[in-house]
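**Q** Structure provided below as structure tokens; questions to follow.
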Amino acid sequence: MTPPGTIITLTTDYGLADGYVGAIKGVILSICAEARIVDVAHDLPPQNIAHAALVLEAMAPFYPPGTVHLAVVDPGVGTSRRRIAALTETAYFVGPDNGIFGLVFRHDPPQRIYAIENTSYLLPGAATTFDGRDVFAPAAAYLAGGLDPAELGPEITDPVALAWPENRRTRQGITGVVICADRFGNLLTSVRREDWPPERPPFIVELGDQRIPGPAEAFYDDNIGGTADFCKAIFGSSGYLELARPGGSAAALLSAGPGQLVTVRWRNR
Amino acid sequence: MTPPGTIITLTTDYGLADGYVGAIKGVILSICAEARIVDVAHDLPPQNIAHAALVLEAMAPFYPPGTVHLAVVDPGVGTSRRRIAALTETAYFVGPDNGIFGLVFRHDPPQRIYAIENTSYLLPGAATTFDGRDVFAPAAAYLAGGLDPAELGPEITDPVALAWPENRRTRQGITGVVICADRFGNLLTSVRREDWPPERPPFIVELGDQRIPGPAEAFYDDNIGGTADFCKAIFGSSGYLELARPGGSAAALLSAGPGQLVTVRWRNR
Amino acid sequence: MTPPGTIITLTTDYGLADGYVGAIKGVILSICAEARIVDVAHDLPPQNIAHAALVLEAMAPFYPPGTVHLAVVDPGVGTSRRRIAALTETAYFVGPDNGIFGLVFRHDPPQRIYAIENTSYLLPGAATTFDGRDVFAPAAAYLAGGLDPAELGPEITDPVALAWPENRRTRQGITGVVICADRFGNLLTSVRREDWPPERPPFIVELGDQRIPGPAEAFYDDNIGGTADFCKAIFGSSGYLELARPGGSAAALLSAGPGQLVTVRWRNR
């Protein structure tokens with residue numbers, strides 16, 4: 001178990017137009033004066049747990065050991081869903097028990113997970129609608145201040161799994177779905193670099209009746225042709241297969257979005 | 001009077017697509033190297049003082065004593081409206097004299113308010129269009145560095161009041177208005193928990209010809225029925241009565257927005 | 001050459017809905033634990049280098065000497081475009097060699113520019129699509145930690161120039177273009193305060209068949225008339241001539257946007 005550092009990252013869907021993020025930061029700084037708060041993302045699509053899971057997976061591995069990651073995308077706030085604090089070999093994670101840490105935990109499995117229940121570490125007079133401020137912010141701040149996570153509540157061993165699409169594999173290829181589009185209109189799919197056969201064949205991605213060639217080496221790789229104008233498939237910076245359009249939006253050009261099926265067909269087989 | 005800390009919070013409508021926020025932070029760090037800048041909100045609805053007042057009220061109480069809160073939603077920039085620095089029992093507030101601190105001051109009244117006029121503490125060569133950079137950022141930074149607020153300019157005793165709707169009370173209920181929608185589509189009204197009679201009756205909120213039951217205990221409180229599909233009224237995390245729709249947007253479902261009348265009728269009377 | 005400080009500013013078009021910004025910050029903090037990261041802007045219009053150049057010009061001059069400015073608006077990522085680290089008399093700049101620093105360098109010329117090529121200072125296992133994380137973040141962090149910039153790679157003397165509109169001058173006036181609109185709908189043009197003749201004549205700005213009087217002293221300057229309802233021209237906080245509408249959006253009222261011609265005619269000549 002890595003001792004905690006003083007870095008606390010924030011990943012939320014609260015936006016920067018309301019007072020939610022500000023309240024959370026105030027609670028943290030009141031409990032742990034030396035905390036170094038790092039804004040990761042606050043404009044996550046509201047209530048979208050899968051998107052948040054991807055963001056956490058994309059950034060958590062790059063932080064110093066002992067970082068405390070606070071994440072709140074929490075459609076179930078106020079229900080009986082648990083609030084958890086987990087520790088892995090390298091970091092601490094605090095947030096709702098709804099699968100939000102599911103992708104991170106694939107690479108960095110939890111060693112212990114605790115349900116946050118000890119009222120000594122909740123904000124007094126807590127509301128039922130803002131666990132970010134009343135439960136998660138204090139828990140993260142106390143952890144950064146050196147609190148033993150076991151103090152927060154009972155250990156649990158059955159965290160909620162992330163709802164995540166299963167890809168279907170055949171000898172000829174693999175079928176997955178579009179998970180989300182990023183700000184540039186790159187479409188991120190559930191197919192990962194690990195799914196690419198060892199002999200590294202080129203492939204075609206079928207999206208509806210559109211065909212996108214891959215893998216490109218870079219967004220502007222010109223050594224690859226294709227029918228879907230300018231679009232190409234590329235393994236992106238987090239290892240997911242993305243459909244991208246250099247200098248434009250693949251999401252707009254392909255009229256595609258989350259949930260759509262993509263079939264990858266290996267060539268030369 | 002609490003001695004100043006080194007935390008300076010920023011609450012603005014400048015957005016994160018232009019250089020305004022960056023310039024303000026540079027000015028602060030150039031004057032007070034040890035300042036700890038905390039982003040509260042930069043995507044406030046442009047020029048909307050009431051929304052900014054709500055954000056300040058929602059977050060300021062959670063900060064350590066001595067925090068300096070810099071807030072700029074300033075439609076009157078460049079006019080003769082005053083620029084103020086106020087100190088309360090627990091904190092410092094710097095911004096335009098347009099009522100932006102009106103809700104915060106209800107809970108934490110100002111002990112002294114000064115008009116920022118001393119040119120020694122303004123940025124040299126100030127523009128007329130960017131007091132955030134030229135006036136408020138230096139004032140906040142000097143305060144965080146320990147400057148006596150009285151140095152900034154003359155004391156004033158007649159700060160501009162916040163334009164805020166008055167609720168109308170009857171024995172049967174209370175009529176207020178929708179103030180704003182948050183990022184999730186929750187509609188925040190001018191009715192507050194303090195307006196709820198001591199015997200805590202259940203109630204119905206009338207919005208146009210729609211009827212929303214309350215109070216819910218949580219967004220997913222199932223012990224409450226109602227005709228407006230899935231919508232319920234709940235006292236939110238800052239004490240305002242909100243109309244909320246679990247997992248969706250009440251603003252969209254009810255086709256409602258700022259300024260609309262809401263009538264709360266106590267039941268069992 | 002100013003010794004580096006520990007402030008690293010971030011100016012990107014990555015948005016705050018994905019994991020990009022969070023990954024960059026993690027890389028920086030892992031390399032330079034004492035770095036003080038300052039968010040300048042993350043919601044820049046995607047791939048718009050000119051807009052980013054304006055933001056850098058608007059904010060960089062206000063930072064303490066030794067600040068490291070990391071900027072990533074990088075449509076050419078993955079191509080052979082160079083990655084650069086530049087030092088000026090007062091600051092360090094790290095980003096793609098695409099002209100993004102072109103406006104800043106007009107006021108604060110580079111003393112040395114290095115192509116970032118030394119793989120010792122890149123993230124191991126770099127992707128081709130995310131130089132912000134893999135190249136620029138480490139370079140900025142090592143610089144803030146005291147690395148001699150010459151260690152990053154070979155010196156270059158031919159940085160790519162910013163694509164920027166040329167104004168046309170006549171005795172009667174000057175013709176430029178609208179560069180962008182800010183969040184408030186103020187239209188910023190390529191005409192600068194330095195272009196204003198020494199005798200400071202009043203002028204009329206022609207935009208299509210609309211005529212906007214200037215210069216106003218402030219957004220609410222009432223001593224200036226005009227035909228385009230409420231719109232006036234004003235030299236803004238960064239020295240650019242702006243078309244503004246007090247309390248509203250000039251961009252909306254004038255139906256104008258980037259690229260549109262503006263002709264400024266000096267009066268009384």
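By order of appearance in the structure tokens: chains A, B, ..., then residues from 1 within every chain, and ligands from 1 in the order shown.
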Please give the complete set of residues from region 49-121 of chain C that DSSP, run on the backbone, assigns to alpha helix (DSSP H), formatted as a list of chain:residue names.
**A**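 Everything in region 49-121 of chain C that counts as alpha helix (DSSP H) is C:Ile49, C:Ala50, C:His51, C:Ala52, C:Ala53, C:Leu54, C:Val55, C:Leu56, C:Glu57, C:Ala58, C:Met59, C:Gly102, C:Leu103, C:Val104, C:Phe105, C:Arg106, C:His107.
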**Q** Let's see if you can do this: from backbone DSSP, list all strand (DSSP E or B) residues in region 9-192 of chain B, as a ChimeraX atom specification.
**A** /B:9-12,36-41,68-72,83-88,92-96,110-115,155-156,168-169,173-181,187-192
**Q** Output as a list in words the set of chain A residues within 8 Å of chain B, with distances taken over only C-alpha atoms.
**A**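 Here is what falls inside 8 Å: Tyr14, Gly15, Leu16, Ala17, Asp18, Gly19, Tyr20, Val21, Gly22, Ala23, Ile24, Lys25, Gly26, Val27, Leu29, Ser30, Pro46, Gln47, Pro75, Gly76, Val77, Gly78, Thr79, Ala127, Thr128, Thr129 and Phe130 of chain A.
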**Q** Given only C-alpha atoms as the basis, pick out the residue of C:Val135, C:Ala140, C:Ala150, C:Val191 nearest to Ile113 (chain C).
**A** C:Ala150
**Q** Pick out the residues sitting within 10 Å of Arg211 (chain C), and hand them over as a ChimeraX atom specification; count only C-alpha atoms, and ignore anything fewer than 2 positions along from it in its own chain.
**A** /C:203-209,213-214,226-229,231-233,254,262-264
**Q** Compile the contact shell of Pro201 (chain C) as a PyMOL selection string: residues with an atom at most 9 Å away, counting only C-alpha atoms, same-chain residues fewer than 3 positions apart removed.
**A** chain C and resi 196-198+215+266-269
**Q** Just N, CA, C and O atoms for this one: save the residues we selected as a compact mmCIF listing (two decimals), in the first residue's frame.
**A**
# COMPACT_ATOMS: atom_id res chain seq x y z
N TRP C 196 -3.83 52.98 -35.24
CA TRP C 196 -4.62 54.21 -35.09
C TRP C 196 -3.70 55.41 -35.26
O TRP C 196 -2.68 55.51 -34.57
N PRO C 197 -4.02 56.32 -36.19
CA PRO C 197 -3.10 57.43 -36.46
C PRO C 197 -2.83 58.27 -35.21
O PRO C 197 -3.68 58.34 -34.32
N PRO C 198 -1.66 58.87 -35.17
CA PRO C 198 -1.22 59.62 -33.97
C PRO C 198 -2.19 60.71 -33.54
O PRO C 198 -2.28 61.00 -32.34
N PRO C 215 -13.72 55.49 -31.68
CA PRO C 215 -13.61 54.46 -30.65
C PRO C 215 -14.42 54.83 -29.43
O PRO C 215 -14.44 55.97 -29.00
N TRP C 266 -10.96 56.61 -41.03
CA TRP C 266 -10.70 57.71 -40.10
C TRP C 266 -11.57 58.89 -40.51
O TRP C 266 -11.77 59.16 -41.69
N ARG C 267 -12.13 59.58 -39.56
CA ARG C 267 -12.96 60.74 -39.85
C ARG C 267 -12.14 62.02 -39.67
O ARG C 267 -11.01 61.99 -39.20
N ASN C 268 -12.71 63.14 -40.11
CA ASN C 268 -12.03 64.44 -39.96
C ASN C 268 -10.71 64.46 -40.70
O ASN C 268 -9.70 64.95 -40.18
N ARG C 269 -10.68 63.87 -41.89
CA ARG C 269 -9.43 63.94 -42.63
C ARG C 269 -9.66 64.60 -43.97
O ARG C 269 -10.70 64.40 -44.56
**Q** For CA of Gln172 (chain A) and CA of Arg265 (chain A), determine how far apart the two atoms are, in Å to one decimal place.
**A**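 Computed distance, CA of Gln172 (chain A) to CA of Arg265 (chain A), equals 5.7 Å.
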**Q** Which polymer residues have any atom within 10 Å of an atom of Glu34 (chain C), counting only C-alpha atoms, with same-chain residues fewer than 3 positions away left out, as a list of chain:residue names?
**A**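 So, after excluding close chain neighbours, the residues are C:Gly5, C:Thr6, C:Ile7, C:Ile28, C:Leu29, C:Ser30, C:Ile31, C:Ile37, C:Ala141, C:Ala144, C:Gly145.
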**Q** With N, CA, C and O atoms retained, could you export that selection as a CSV table (one decimal), in the first residue's frame?
**A**
chain,number,residue,atom,x,y,z
C,5,GLY,N,10.8,29.0,-13.5
C,5,GLY,CA,10.1,28.9,-12.3
C,5,GLY,C,9.4,27.5,-12.2
C,5,GLY,O,9.7,26.6,-13.0
C,6,THR,N,8.5,27.4,-11.3
C,6,THR,CA,7.7,26.1,-11.3
C,6,THR,C,6.3,26.2,-11.8
C,6,THR,O,5.5,25.3,-11.7
C,7,ILE,N,6.0,27.4,-12.3
C,7,ILE,CA,4.7,27.6,-12.9
C,7,ILE,C,4.6,27.0,-14.3
C,7,ILE,O,5.5,27.4,-15.2
C,28,ILE,N,3.2,15.7,-16.0
C,28,ILE,CA,3.9,16.8,-15.4
C,28,ILE,C,4.3,16.6,-14.0
C,28,ILE,O,5.4,16.7,-13.5
C,29,LEU,N,3.2,16.2,-13.2
C,29,LEU,CA,3.5,16.1,-11.7
C,29,LEU,C,4.4,14.9,-11.4
C,29,LEU,O,5.0,14.8,-10.4
C,30,SER,N,4.4,13.9,-12.3
C,30,SER,CA,5.3,12.7,-12.1
C,30,SER,C,6.7,13.1,-12.3
C,30,SER,O,7.6,12.5,-11.7
C,31,ILE,N,6.9,14.0,-13.2
C,31,ILE,CA,8.3,14.4,-13.6
C,31,ILE,C,8.8,15.5,-12.7
C,31,ILE,O,10.0,15.6,-12.3
C,37,ILE,N,0.7,23.9,-11.7
C,37,ILE,CA,0.0,23.9,-13.0
C,37,ILE,C,-1.1,24.9,-13.0
C,37,ILE,O,-1.9,24.9,-12.0
C,141,ALA,N,7.8,19.8,-18.1
C,141,ALA,CA,8.1,19.5,-16.8
C,141,ALA,C,9.6,19.4,-16.5
C,141,ALA,O,10.1,19.9,-15.5
C,144,ALA,N,10.7,23.0,-16.2
C,144,ALA,CA,10.4,23.6,-14.9
C,144,ALA,C,11.3,23.0,-13.8
C,144,ALA,O,11.6,23.7,-12.8
C,145,GLY,N,11.8,21.8,-14.1
C,145,GLY,CA,12.7,21.2,-13.1
C,145,GLY,C,14.2,21.6,-13.3
C,145,GLY,O,15.0,21.2,-12.5
**Q** What's around region 93-99 of chain C at 8 Å? Count only C-alpha atoms, leave out sequence neighbours fewer than 2 positions away in its own chain, and write the answer as a compact mmCIF listing (two decimals) with all heavy atoms, in the first residue's frame.
**A**
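Dumped everything to around33.txt:
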# COMPACT_ATOMS: atom_id res chain seq x y z
N ILE C 49 -5.47 27.48 -34.75
CA ILE C 49 -4.17 27.98 -34.27
C ILE C 49 -4.21 29.48 -34.00
O ILE C 49 -3.63 29.97 -33.02
CB ILE C 49 -3.07 27.63 -35.28
CG1 ILE C 49 -2.95 26.10 -35.40
CG2 ILE C 49 -1.74 28.24 -34.89
CD1 ILE C 49 -2.13 25.63 -36.60
N ALA C 53 -3.21 31.47 -30.63
CA ALA C 53 -2.16 32.49 -30.62
C ALA C 53 -2.64 33.75 -29.91
O ALA C 53 -1.88 34.39 -29.16
CB ALA C 53 -1.73 32.80 -32.05
N VAL C 68 6.72 28.56 -17.58
CA VAL C 68 6.73 27.67 -18.73
C VAL C 68 5.30 27.60 -19.29
O VAL C 68 4.38 27.20 -18.58
CB VAL C 68 7.20 26.25 -18.33
CG1 VAL C 68 7.19 25.33 -19.54
CG2 VAL C 68 8.60 26.32 -17.70
N HIS C 69 5.14 28.02 -20.53
CA HIS C 69 3.82 28.00 -21.16
C HIS C 69 3.73 26.82 -22.13
O HIS C 69 4.44 26.77 -23.12
CB HIS C 69 3.57 29.30 -21.92
CG HIS C 69 3.56 30.52 -21.05
ND1 HIS C 69 2.54 30.78 -20.16
CD2 HIS C 69 4.45 31.55 -20.91
CE1 HIS C 69 2.80 31.93 -19.53
NE2 HIS C 69 3.95 32.40 -19.95
N LEU C 70 2.86 25.89 -21.81
CA LEU C 70 2.63 24.72 -22.65
C LEU C 70 1.34 24.96 -23.43
O LEU C 70 0.29 25.22 -22.84
CB LEU C 70 2.50 23.49 -21.75
CG LEU C 70 2.00 22.18 -22.32
CD1 LEU C 70 2.72 21.79 -23.59
CD2 LEU C 70 2.20 21.08 -21.27
N ALA C 71 1.43 24.91 -24.76
CA ALA C 71 0.25 25.16 -25.59
C ALA C 71 0.12 24.06 -26.62
O ALA C 71 1.08 23.72 -27.32
CB ALA C 71 0.38 26.52 -26.29
N VAL C 72 -1.09 23.51 -26.72
CA VAL C 72 -1.31 22.44 -27.69
C VAL C 72 -2.62 22.66 -28.45
O VAL C 72 -3.71 22.37 -27.94
CB VAL C 72 -1.37 21.05 -27.03
CG1 VAL C 72 -1.19 19.99 -28.12
CG2 VAL C 72 -0.33 20.89 -25.95
N VAL C 73 -2.50 23.24 -29.61
CA VAL C 73 -3.55 23.17 -30.62
C VAL C 73 -2.78 22.68 -31.83
O VAL C 73 -1.93 23.39 -32.36
CB VAL C 73 -4.21 24.53 -30.87
CG1 VAL C 73 -5.15 24.46 -32.07
CG2 VAL C 73 -4.97 24.96 -29.63
N ASP C 74 -3.04 21.47 -32.23
CA ASP C 74 -2.03 20.74 -32.98
C ASP C 74 -2.63 19.87 -34.08
O ASP C 74 -2.55 18.65 -34.04
CB ASP C 74 -1.25 19.87 -31.97
CG ASP C 74 0.02 19.29 -32.56
OD1 ASP C 74 0.41 19.69 -33.66
OD2 ASP C 74 0.60 18.42 -31.89
N ARG C 81 5.73 17.66 -38.72
CA ARG C 81 5.87 19.00 -38.12
C ARG C 81 6.68 18.86 -36.82
O ARG C 81 6.55 17.89 -36.09
CB ARG C 81 4.51 19.66 -37.89
CG ARG C 81 3.63 19.10 -36.80
CD ARG C 81 3.83 19.76 -35.47
NE ARG C 81 3.11 19.10 -34.38
CZ ARG C 81 3.49 17.95 -33.83
NH1 ARG C 81 4.55 17.31 -34.28
NH2 ARG C 81 2.80 17.45 -32.82
N ARG C 82 7.52 19.85 -36.57
CA ARG C 82 8.41 19.76 -35.42
C ARG C 82 7.69 20.09 -34.12
O ARG C 82 6.64 20.70 -34.11
CB ARG C 82 9.60 20.70 -35.62
CG ARG C 82 10.47 20.30 -36.81
CD ARG C 82 11.54 21.34 -37.10
NE ARG C 82 10.97 22.63 -37.46
CZ ARG C 82 11.64 23.61 -38.06
NH1 ARG C 82 12.92 23.45 -38.36
NH2 ARG C 82 11.05 24.74 -38.34
N ARG C 83 8.27 19.67 -33.05
CA ARG C 83 7.81 20.02 -31.71
C ARG C 83 8.88 20.92 -31.13
O ARG C 83 10.08 20.58 -31.21
CB ARG C 83 7.67 18.77 -30.84
CG ARG C 83 6.57 17.80 -31.28
CD ARG C 83 6.99 16.78 -32.34
NE ARG C 83 8.04 15.89 -31.92
CZ ARG C 83 7.84 14.62 -31.56
NH1 ARG C 83 6.64 14.09 -31.66
NH2 ARG C 83 8.86 13.88 -31.20
N ILE C 84 8.55 22.05 -30.56
CA ILE C 84 9.57 23.01 -30.16
C ILE C 84 9.47 23.44 -28.71
O ILE C 84 8.41 23.40 -28.08
CB ILE C 84 9.54 24.28 -31.05
CG1 ILE C 84 8.16 24.94 -31.01
CG2 ILE C 84 9.93 23.94 -32.48
CD1 ILE C 84 8.11 26.29 -31.75
N ALA C 85 10.64 23.85 -28.22
CA ALA C 85 10.74 24.52 -26.92
C ALA C 85 11.52 25.80 -27.20
O ALA C 85 12.61 25.75 -27.75
CB ALA C 85 11.45 23.65 -25.90
N ALA C 86 10.93 26.93 -26.83
CA ALA C 86 11.58 28.22 -27.09
C ALA C 86 11.79 28.95 -25.78
O ALA C 86 11.01 28.80 -24.84
CB ALA C 86 10.71 29.06 -28.03
N LEU C 87 12.85 29.74 -25.73
CA LEU C 87 13.01 30.59 -24.57
C LEU C 87 13.15 32.03 -25.04
O LEU C 87 13.81 32.31 -26.04
CB LEU C 87 14.17 30.16 -23.70
CG LEU C 87 15.55 30.06 -24.31
CD1 LEU C 87 16.41 31.24 -23.85
CD2 LEU C 87 16.19 28.76 -23.90
N ALA C 91 10.41 34.00 -20.56
CA ALA C 91 9.57 32.81 -20.38
C ALA C 91 10.02 31.66 -21.28
O ALA C 91 10.89 31.82 -22.14
CB ALA C 91 8.12 33.14 -20.66
N PHE C 101 2.84 30.30 -31.35
CA PHE C 101 3.47 31.32 -30.51
C PHE C 101 3.76 32.61 -31.29
O PHE C 101 4.46 33.50 -30.80
CB PHE C 101 4.76 30.77 -29.89
CG PHE C 101 4.55 29.51 -29.09
CD1 PHE C 101 5.19 28.33 -29.44
CD2 PHE C 101 3.72 29.51 -27.98
CE1 PHE C 101 4.99 27.16 -28.71
CE2 PHE C 101 3.51 28.35 -27.24
CZ PHE C 101 4.15 27.18 -27.61
N GLY C 102 3.25 32.69 -32.51
CA GLY C 102 3.59 33.80 -33.40
C GLY C 102 3.28 35.18 -32.85
O GLY C 102 4.08 36.11 -33.02
N GLY C 132 0.73 16.03 -26.78
CA GLY C 132 0.54 16.80 -25.55
C GLY C 132 0.99 16.03 -24.33
O GLY C 132 1.71 16.54 -23.47
N PHE C 136 5.10 17.14 -25.16
CA PHE C 136 5.09 18.50 -24.61
C PHE C 136 5.04 18.52 -23.08
O PHE C 136 5.72 19.32 -22.44
CB PHE C 136 3.93 19.29 -25.21
CG PHE C 136 3.97 19.37 -26.71
CD1 PHE C 136 2.89 19.00 -27.48
CD2 PHE C 136 5.13 19.81 -27.36
CE1 PHE C 136 2.93 19.06 -28.87
CE2 PHE C 136 5.18 19.87 -28.75
CZ PHE C 136 4.08 19.50 -29.51
N ALA C 139 8.47 17.64 -21.72
CA ALA C 139 9.43 18.72 -21.98
C ALA C 139 9.20 19.89 -21.04
O ALA C 139 10.14 20.44 -20.45
CB ALA C 139 9.32 19.18 -23.44
N ALA C 140 7.94 20.29 -20.88
CA ALA C 140 7.63 21.40 -19.98
C ALA C 140 8.03 21.07 -18.55
O ALA C 140 8.58 21.92 -17.83
CB ALA C 140 6.13 21.72 -20.05
N PRO C 159 11.46 28.82 -37.37
CA PRO C 159 10.15 28.36 -36.90
C PRO C 159 9.07 28.73 -37.91
O PRO C 159 9.19 29.71 -38.63
CB PRO C 159 9.96 29.13 -35.60
CG PRO C 159 10.80 30.35 -35.74
CD PRO C 159 12.00 29.90 -36.54
N VAL C 160 8.03 27.92 -37.95
CA VAL C 160 6.90 28.17 -38.85
C VAL C 160 6.20 29.46 -38.41
O VAL C 160 5.97 29.67 -37.22
CB VAL C 160 5.93 26.97 -38.80
CG1 VAL C 160 4.61 27.30 -39.49
CG2 VAL C 160 6.58 25.75 -39.42
N ALA C 161 5.91 30.30 -39.40
CA ALA C 161 5.23 31.56 -39.10
C ALA C 161 3.73 31.32 -38.92
O ALA C 161 3.16 30.40 -39.51
CB ALA C 161 5.48 32.57 -40.21
N LEU C 162 3.12 32.16 -38.11
CA LEU C 162 1.68 32.09 -37.94
C LEU C 162 0.98 32.60 -39.19
O LEU C 162 1.34 33.65 -39.73
CB LEU C 162 1.27 32.95 -36.73
CG LEU C 162 -0.24 33.07 -36.44
CD1 LEU C 162 -0.83 31.72 -36.05
CD2 LEU C 162 -0.49 34.11 -35.36
N ALA C 163 0.01 31.84 -39.67
CA ALA C 163 -0.84 32.34 -40.76
C ALA C 163 -1.73 33.43 -40.17
O ALA C 163 -2.58 33.14 -39.32
CB ALA C 163 -1.67 31.20 -41.33
